[in-house]
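The block underneath contains the structure these notes are about, expressed in structure tokens.
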Amino acid sequence: MDNPYKVLGVSPQASDEEVKAAYRELAKKYHPDNYVNNPLSGLASEKMQEINDAYDSIINMRRNAQQQHSSGGNSSYTGQGTPRYAEIRRLLQSQKVVEAEQLLDAMDNGSRDAEWYFLKGSVYHKRGWLDEALNHFQRACEMNPGNPEYKAAYQQLLWQKKGNMNGNPYRTAPSQQTGCSACDMCSSLICADCCCECMGGDLIPCC
Amino acid sequence: MFGYIKPFKPEMKVRHLDTYQAVYCGLCKQLGTHYGRCSNAALSFDFTFVALLGMAVNNECTGFSQKRCGWCGFKKKNCCQNNPSSSFAAACAMIMLYFKIRDNISDSPVFKKILYYCLLPISKKYMKKARSQYPDAYEIIQAAVLKQTQLQKENCSIPDQAADPSATALAKLFPMLTGQKKQQPVLAQLGYHMGRYVYFCDALEDLEADWKEKNYNPFLLKFQVSVLDTSAKERIAEYAKGLIQMTVGEAAKAFCLLDMYRFEPILSNIIYLGLPNTLEGILHKEKEKKKNGQSL
């Protein structure tokens, strides 16, 4: 492996928090979910693995302990589908898009369910026909609103349609919600005490 | 200065802008010396991007030297010296110029037809020289032009399909910039979506002109426009914006996986700021035209 600090883009003197932040930033960029239906998903997975190994290596070196962390999972077509589409999913996973499409097109119109539209959308997405992919994912979601796989594929394209770009170094970071501060706690308790007193009770006797 | 793949200069460091300019000027010089005096009329931002991309991925930069520029009052300009990537970009420019002129002859009104007929022999001469050096590039571009012509004849109204020949051409040309096997699929994916980006931007920008001249335009066909009024233009602009932004998103995903030895800040500026900004410029021009039309 290359120097793990170089892979994460931090100096060896970086604090644990800085290392973690750098890891999170890179994991967001190369997460397999960003490369579902993408011909470069294999390369992205390799990159993700490299980042995970670098992070693990640094943490191990620093803490002398095994750390388990999520690798983000592999983008896979095999997990959630019905058996009739298993072969198509296997072909898509092997990047055999033309063969997968042929099998899909051979199915008659009457039998085209939500999963058919999702997989056809996946074919279009891999090919780069994004408008067709979006329409097919939308149809799949309409036919099966609860399905997380179809929803994720559709949402990813919608996110890009709004002008978002993977790995954008120029985006302004949204304000981070870090949870309750001491001020939040105190002011909330004071408000609760006031409300309580209005109702005849007393939450904090000394206020 | 033509092209859609441009940097966003306000957010670029001065030294990076100087480097970009030097590559642009270097490419101009290369066209002039290798092909002929008028050939640098084909120079565009798009081919500068191709040259930069090749140099970035191959870690090749043959250095810069000062040369006089005929277009700028013979002032001395920093020019990037010839290298394989700029040579390839220049050849692609000459081949595409030839096919563009041939295409314009059939699409243009009479006066412009005469002009293009005059330009055809010299562009053919430049094309032949480029073809002798890069025969594969010629085959790829010719195949795309033939496929594009066929789709236009069929009045293809599916924008994804209409963009496919141009996109496929760049998907085959970009990997030719390097011998590194691992980088080639990344360049192919980047090329495909850059091809789509350029095609859709061109179609969006030419909406009104194509409507007036009754030329092929996939957006006009998709929306089955009988009258290109304000509401039709707004619907098309909304649709095209979403489509182009999705395309740029896919290009960005490929760009993330590119290993660059140099020029990463310049290329990053082009991808993440330049592409969206150019799109905004085209959409804004449409809005301005509409505003001016309404005020009249």
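Each chain in the structure tokens gets a letter, A, B, ..., in the order shown, and its residues are numbered from 1; ligands are numbered from 1 in order too.
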
Please report as a list in words which residues of chain B come no farther than 8 Å from chain A, using only C-alpha atoms. Pro159, Asp160, Gln161, Pro185, Val186, Gln189, Tyr192, His193, Lys241, Gly242, Leu243, Ile244, Gln245, Met246, Thr247, Val248, Gly249, Glu250, Ala252, Lys253, Ala254, Cys256, Leu257, Tyr272, Leu273 and Pro276 of chain B

Skip A:Lys20 itself and residues of its chain fewer than 4 positions away, then list as a PyMOL selection string all residues within 12 Å of it, counting only C-alpha atoms. chain A and resi 5+8-10+14-16+24-27+51-52+54-56+58-59+69

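The environment of B:Gly191 within 9 Å, counting only C-alpha atoms and disregarding residues fewer than 4 places along the same chain, consists of Ala167, Thr168, Ala169, Leu170, Ala171, Lys172, Leu173, Phe174, Pro175, Val186, Leu187, Gly195, Arg196 and Ala251 of chain B.
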
Keeping only C-alpha atoms, write those residues as a compact mmCIF listing (two decimals), in the first residue's frame.
```txt
# COMPACT_ATOMS: atom_id res chain seq x y z
CA ALA B 167 -20.63 11.11 -27.13
CA THR B 168 -19.38 7.76 -28.42
CA ALA B 169 -16.78 9.53 -30.59
CA LEU B 170 -15.27 11.33 -27.59
CA ALA B 171 -15.56 8.13 -25.54
CA LYS B 172 -13.25 6.51 -28.12
CA LEU B 173 -10.97 9.53 -28.67
CA PHE B 174 -10.19 10.44 -25.03
CA PRO B 175 -8.62 7.05 -24.16
CA VAL B 186 -12.09 6.54 -16.92
CA LEU B 187 -11.23 8.71 -19.93
CA GLY B 195 -19.56 14.64 -25.69
CA ARG B 196 -23.14 14.69 -24.43
CA ALA B 251 -18.65 13.51 -15.95
```

Mind checking DSSP for stretch 161-260 of chain B and telling me the helix (DSSP H, G or I) residues as an MDAnalysis selection string? chainID B and resid 161:177 184:205 207:213 218:222 230:256

Residue contacts of A:Ile190 (10 Å, only C-alpha atoms) excluding same-chain residues fewer than 4 positions away, as a list of chain:residue names: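 The filter keeps A:Met185, A:Cys186, A:Cys194, A:Cys195, A:Cys196, A:Leu203, A:Ile204, A:Cys207.
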
If we count only C-alpha atoms and set the cut-off at 10 Å, which residues sit around B:Pro165, ignoring sequence neighbours fewer than 6 positions away in its own chain? Please answer as a list in words.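 Non-adjacent residues within range: Ile140, Ile141, Ala143, Ala144, Val145, Leu146, Lys147, Gln148, Thr149, Leu151, Ala171, Tyr192, Gly195, Arg196 and Tyr199 of chain B.
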
Selection from above, N, CA, C and O atoms, as an mmCIF file, in the first residue's frame, can you write it?
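Below you can see selection-v1.cif, which holds the result:
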```cif
data_model
loop_
_atom_site.group_PDB
_atom_site.id
_atom_site.type_symbol
_atom_site.label_atom_id
_atom_site.label_comp_id
_atom_site.auth_asym_id
_atom_site.auth_seq_id
_atom_site.Cartn_x
_atom_site.Cartn_y
_atom_site.Cartn_z
ATOM 1 N N ILE B 140 -13.002 7.215 -36.339
ATOM 2 C CA ILE B 140 -13.962 7.394 -35.232
ATOM 3 C C ILE B 140 -14.879 8.579 -35.518
ATOM 4 O O ILE B 140 -16.105 8.480 -35.378
ATOM 5 N N ILE B 141 -14.290 9.703 -35.942
ATOM 6 C CA ILE B 141 -15.084 10.914 -36.170
ATOM 7 C C ILE B 141 -15.998 10.716 -37.374
ATOM 8 O O ILE B 141 -17.184 11.099 -37.345
ATOM 9 N N ALA B 143 -17.281 7.891 -38.490
ATOM 10 C CA ALA B 143 -18.368 6.988 -38.094
ATOM 11 C C ALA B 143 -19.428 7.748 -37.316
ATOM 12 O O ALA B 143 -20.638 7.549 -37.521
ATOM 13 N N ALA B 144 -18.998 8.644 -36.438
ATOM 14 C CA ALA B 144 -19.947 9.438 -35.642
ATOM 15 C C ALA B 144 -20.766 10.349 -36.544
ATOM 16 O O ALA B 144 -21.983 10.478 -36.366
ATOM 17 N N VAL B 145 -20.127 10.972 -37.509
ATOM 18 C CA VAL B 145 -20.816 11.893 -38.421
ATOM 19 C C VAL B 145 -21.876 11.126 -39.227
ATOM 20 O O VAL B 145 -23.012 11.593 -39.390
ATOM 21 N N LEU B 146 -21.515 9.937 -39.706
ATOM 22 C CA LEU B 146 -22.459 9.131 -40.495
ATOM 23 C C LEU B 146 -23.668 8.754 -39.641
ATOM 24 O O LEU B 146 -24.823 8.837 -40.080
ATOM 25 N N LYS B 147 -23.398 8.315 -38.417
ATOM 26 C CA LYS B 147 -24.479 7.896 -37.516
ATOM 27 C C LYS B 147 -25.380 9.083 -37.189
ATOM 28 O O LYS B 147 -26.605 8.965 -37.160
ATOM 29 N N GLN B 148 -24.745 10.245 -36.960
ATOM 30 C CA GLN B 148 -25.488 11.467 -36.632
ATOM 31 C C GLN B 148 -26.422 11.842 -37.785
ATOM 32 O O GLN B 148 -27.583 12.173 -37.566
ATOM 33 N N THR B 149 -25.877 11.755 -39.004
ATOM 34 C CA THR B 149 -26.665 12.097 -40.198
ATOM 35 C C THR B 149 -27.872 11.174 -40.314
ATOM 36 O O THR B 149 -28.990 11.611 -40.605
ATOM 37 N N LEU B 151 -29.431 9.546 -37.885
ATOM 38 C CA LEU B 151 -30.413 9.866 -36.845
ATOM 39 C C LEU B 151 -31.192 11.125 -37.195
ATOM 40 O O LEU B 151 -32.385 11.221 -36.930
ATOM 41 N N ALA B 171 -15.851 9.270 -26.403
ATOM 42 C CA ALA B 171 -15.558 8.125 -25.542
ATOM 43 C C ALA B 171 -14.452 7.257 -26.138
ATOM 44 O O ALA B 171 -13.733 6.563 -25.421
ATOM 45 N N TYR B 192 -17.429 10.320 -22.911
ATOM 46 C CA TYR B 192 -18.829 10.111 -23.294
ATOM 47 C C TYR B 192 -19.701 11.257 -22.793
ATOM 48 O O TYR B 192 -20.501 11.845 -23.543
ATOM 49 N N GLY B 195 -18.954 14.619 -24.360
ATOM 50 C CA GLY B 195 -19.562 14.636 -25.693
ATOM 51 C C GLY B 195 -21.037 14.985 -25.609
ATOM 52 O O GLY B 195 -21.550 15.791 -26.393
ATOM 53 N N ARG B 196 -21.728 14.379 -24.648
ATOM 54 C CA ARG B 196 -23.138 14.689 -24.426
ATOM 55 C C ARG B 196 -23.299 16.139 -24.047
ATOM 56 O O ARG B 196 -24.171 16.840 -24.554
ATOM 57 N N TYR B 199 -22.850 18.418 -27.076
ATOM 58 C CA TYR B 199 -23.973 18.244 -28.004
ATOM 59 C C TYR B 199 -25.224 18.959 -27.502
ATOM 60 O O TYR B 199 -25.878 19.700 -28.237
#
```

Using only C-alpha atoms, tabulate the residues of stretch 58-160 of chain B lying at most 8 Å from any atom of stretch 2-26 of chain B, each with its closest atom pair and that distance in Å to one decimal, by chain and increasing residue number, as a Markdown table.
```
| residue | atom | partner | partner_atom | distance |
| --- | --- | --- | --- | --- |
| B:Phe64 | CA | B:Ala22 | CA | 7.4 |
| B:Lys77 | CA | B:Ala22 | CA | 7.4 |
| B:Asn78 | CA | B:Ala22 | CA | 5.1 |
| B:Cys79 | CA | B:Gly26 | CA | 4.2 |
| B:Cys80 | CA | B:Gly26 | CA | 4.4 |
| B:Gln81 | CA | B:Gly26 | CA | 6.0 |
| B:Asn82 | CA | B:Gly26 | CA | 7.2 |
```

Output for the residues just chosen: all heavy atoms as a PDB file, in the first residue's frame:
```pdb
ATOM      1  N   PHE B  64       7.490  25.713 -21.643  1.00  0.00           N
ATOM      2  CA  PHE B  64       6.870  26.901 -22.254  1.00  0.00           C
ATOM      3  C   PHE B  64       7.943  27.787 -22.850  1.00  0.00           C
ATOM      4  O   PHE B  64       9.069  27.842 -22.354  1.00  0.00           O
ATOM      5  CB  PHE B  64       6.087  27.685 -21.199  1.00  0.00           C
ATOM      6  CG  PHE B  64       4.982  26.894 -20.551  1.00  0.00           C
ATOM      7  CD1 PHE B  64       5.238  26.041 -19.493  1.00  0.00           C
ATOM      8  CD2 PHE B  64       3.681  26.986 -21.029  1.00  0.00           C
ATOM      9  CE1 PHE B  64       4.227  25.294 -18.905  1.00  0.00           C
ATOM     10  CE2 PHE B  64       2.657  26.242 -20.440  1.00  0.00           C
ATOM     11  CZ  PHE B  64       2.937  25.396 -19.382  1.00  0.00           C
ATOM     12  N   LYS B  77       3.882  36.041 -26.394  1.00  0.00           N
ATOM     13  CA  LYS B  77       3.006  35.299 -25.467  1.00  0.00           C
ATOM     14  C   LYS B  77       3.706  34.023 -25.034  1.00  0.00           C
ATOM     15  O   LYS B  77       4.459  33.426 -25.805  1.00  0.00           O
ATOM     16  CB  LYS B  77       1.700  34.904 -26.179  1.00  0.00           C
ATOM     17  CG  LYS B  77       0.915  36.044 -26.768  1.00  0.00           C
ATOM     18  CD  LYS B  77       0.042  36.716 -25.765  1.00  0.00           C
ATOM     19  CE  LYS B  77      -1.395  36.351 -26.031  1.00  0.00           C
ATOM     20  NZ  LYS B  77      -2.312  36.976 -25.093  1.00  0.00           N
ATOM     21  N   ASN B  78       3.403  33.597 -23.795  1.00  0.00           N
ATOM     22  CA  ASN B  78       3.898  32.290 -23.341  1.00  0.00           C
ATOM     23  C   ASN B  78       3.115  31.204 -24.049  1.00  0.00           C
ATOM     24  O   ASN B  78       1.885  31.214 -24.049  1.00  0.00           O
ATOM     25  CB  ASN B  78       3.662  32.133 -21.829  1.00  0.00           C
ATOM     26  CG  ASN B  78       4.689  32.880 -21.031  1.00  0.00           C
ATOM     27  OD1 ASN B  78       5.848  32.960 -21.428  1.00  0.00           O
ATOM     28  ND2 ASN B  78       4.277  33.453 -19.918  1.00  0.00           N
ATOM     29  N   CYS B  79       3.856  30.282 -24.668  1.00  0.00           N
ATOM     30  CA  CYS B  79       3.194  29.185 -25.383  1.00  0.00           C
ATOM     31  C   CYS B  79       3.736  27.856 -24.904  1.00  0.00           C
ATOM     32  O   CYS B  79       4.958  27.687 -24.795  1.00  0.00           O
ATOM     33  CB  CYS B  79       3.449  29.282 -26.888  1.00  0.00           C
ATOM     34  SG  CYS B  79       2.699  30.716 -27.634  1.00  0.00           S
ATOM     35  N   CYS B  80       2.834  26.913 -24.664  1.00  0.00           N
ATOM     36  CA  CYS B  80       3.251  25.569 -24.310  1.00  0.00           C
ATOM     37  C   CYS B  80       3.815  24.912 -25.559  1.00  0.00           C
ATOM     38  O   CYS B  80       3.230  25.014 -26.639  1.00  0.00           O
ATOM     39  CB  CYS B  80       2.033  24.794 -23.796  1.00  0.00           C
ATOM     40  SG  CYS B  80       2.449  23.166 -23.220  1.00  0.00           S
ATOM     41  N   GLN B  81       4.960  24.257 -25.408  1.00  0.00           N
ATOM     42  CA  GLN B  81       5.605  23.675 -26.589  1.00  0.00           C
ATOM     43  C   GLN B  81       4.909  22.390 -27.026  1.00  0.00           C
ATOM     44  O   GLN B  81       4.208  21.760 -26.240  1.00  0.00           O
ATOM     45  CB  GLN B  81       7.089  23.447 -26.293  1.00  0.00           C
ATOM     46  CG  GLN B  81       7.773  24.783 -26.112  1.00  0.00           C
ATOM     47  CD  GLN B  81       9.241  24.696 -25.820  1.00  0.00           C
ATOM     48  OE1 GLN B  81      10.023  25.395 -26.422  1.00  0.00           O
ATOM     49  NE2 GLN B  81       9.636  23.868 -24.880  1.00  0.00           N
ATOM     50  N   ASN B  82       5.163  22.014 -28.295  1.00  0.00           N
ATOM     51  CA  ASN B  82       4.506  20.832 -28.866  1.00  0.00           C
ATOM     52  C   ASN B  82       4.722  19.602 -28.004  1.00  0.00           C
ATOM     53  O   ASN B  82       5.803  19.370 -27.489  1.00  0.00           O
ATOM     54  CB  ASN B  82       5.065  20.549 -30.263  1.00  0.00           C
ATOM     55  CG  ASN B  82       4.686  21.638 -31.243  1.00  0.00           C
ATOM     56  OD1 ASN B  82       3.961  22.553 -30.891  1.00  0.00           O
ATOM     57  ND2 ASN B  82       5.178  21.533 -32.457  1.00  0.00           N
TER      58      ASN B  82
END
```

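Computed from the coordinates, the atom CA of B:Met176 to atom CA of B:Ile122 distance equals 26.4 Å.
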
Shortest interatomic distance to A:Asn3 - which of A:Leu103, A:Asp53, A:Asp184, A:Gln95, counting only C-alpha atoms: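 Result for the nearest residue to A:Asn3: A:Asp53.
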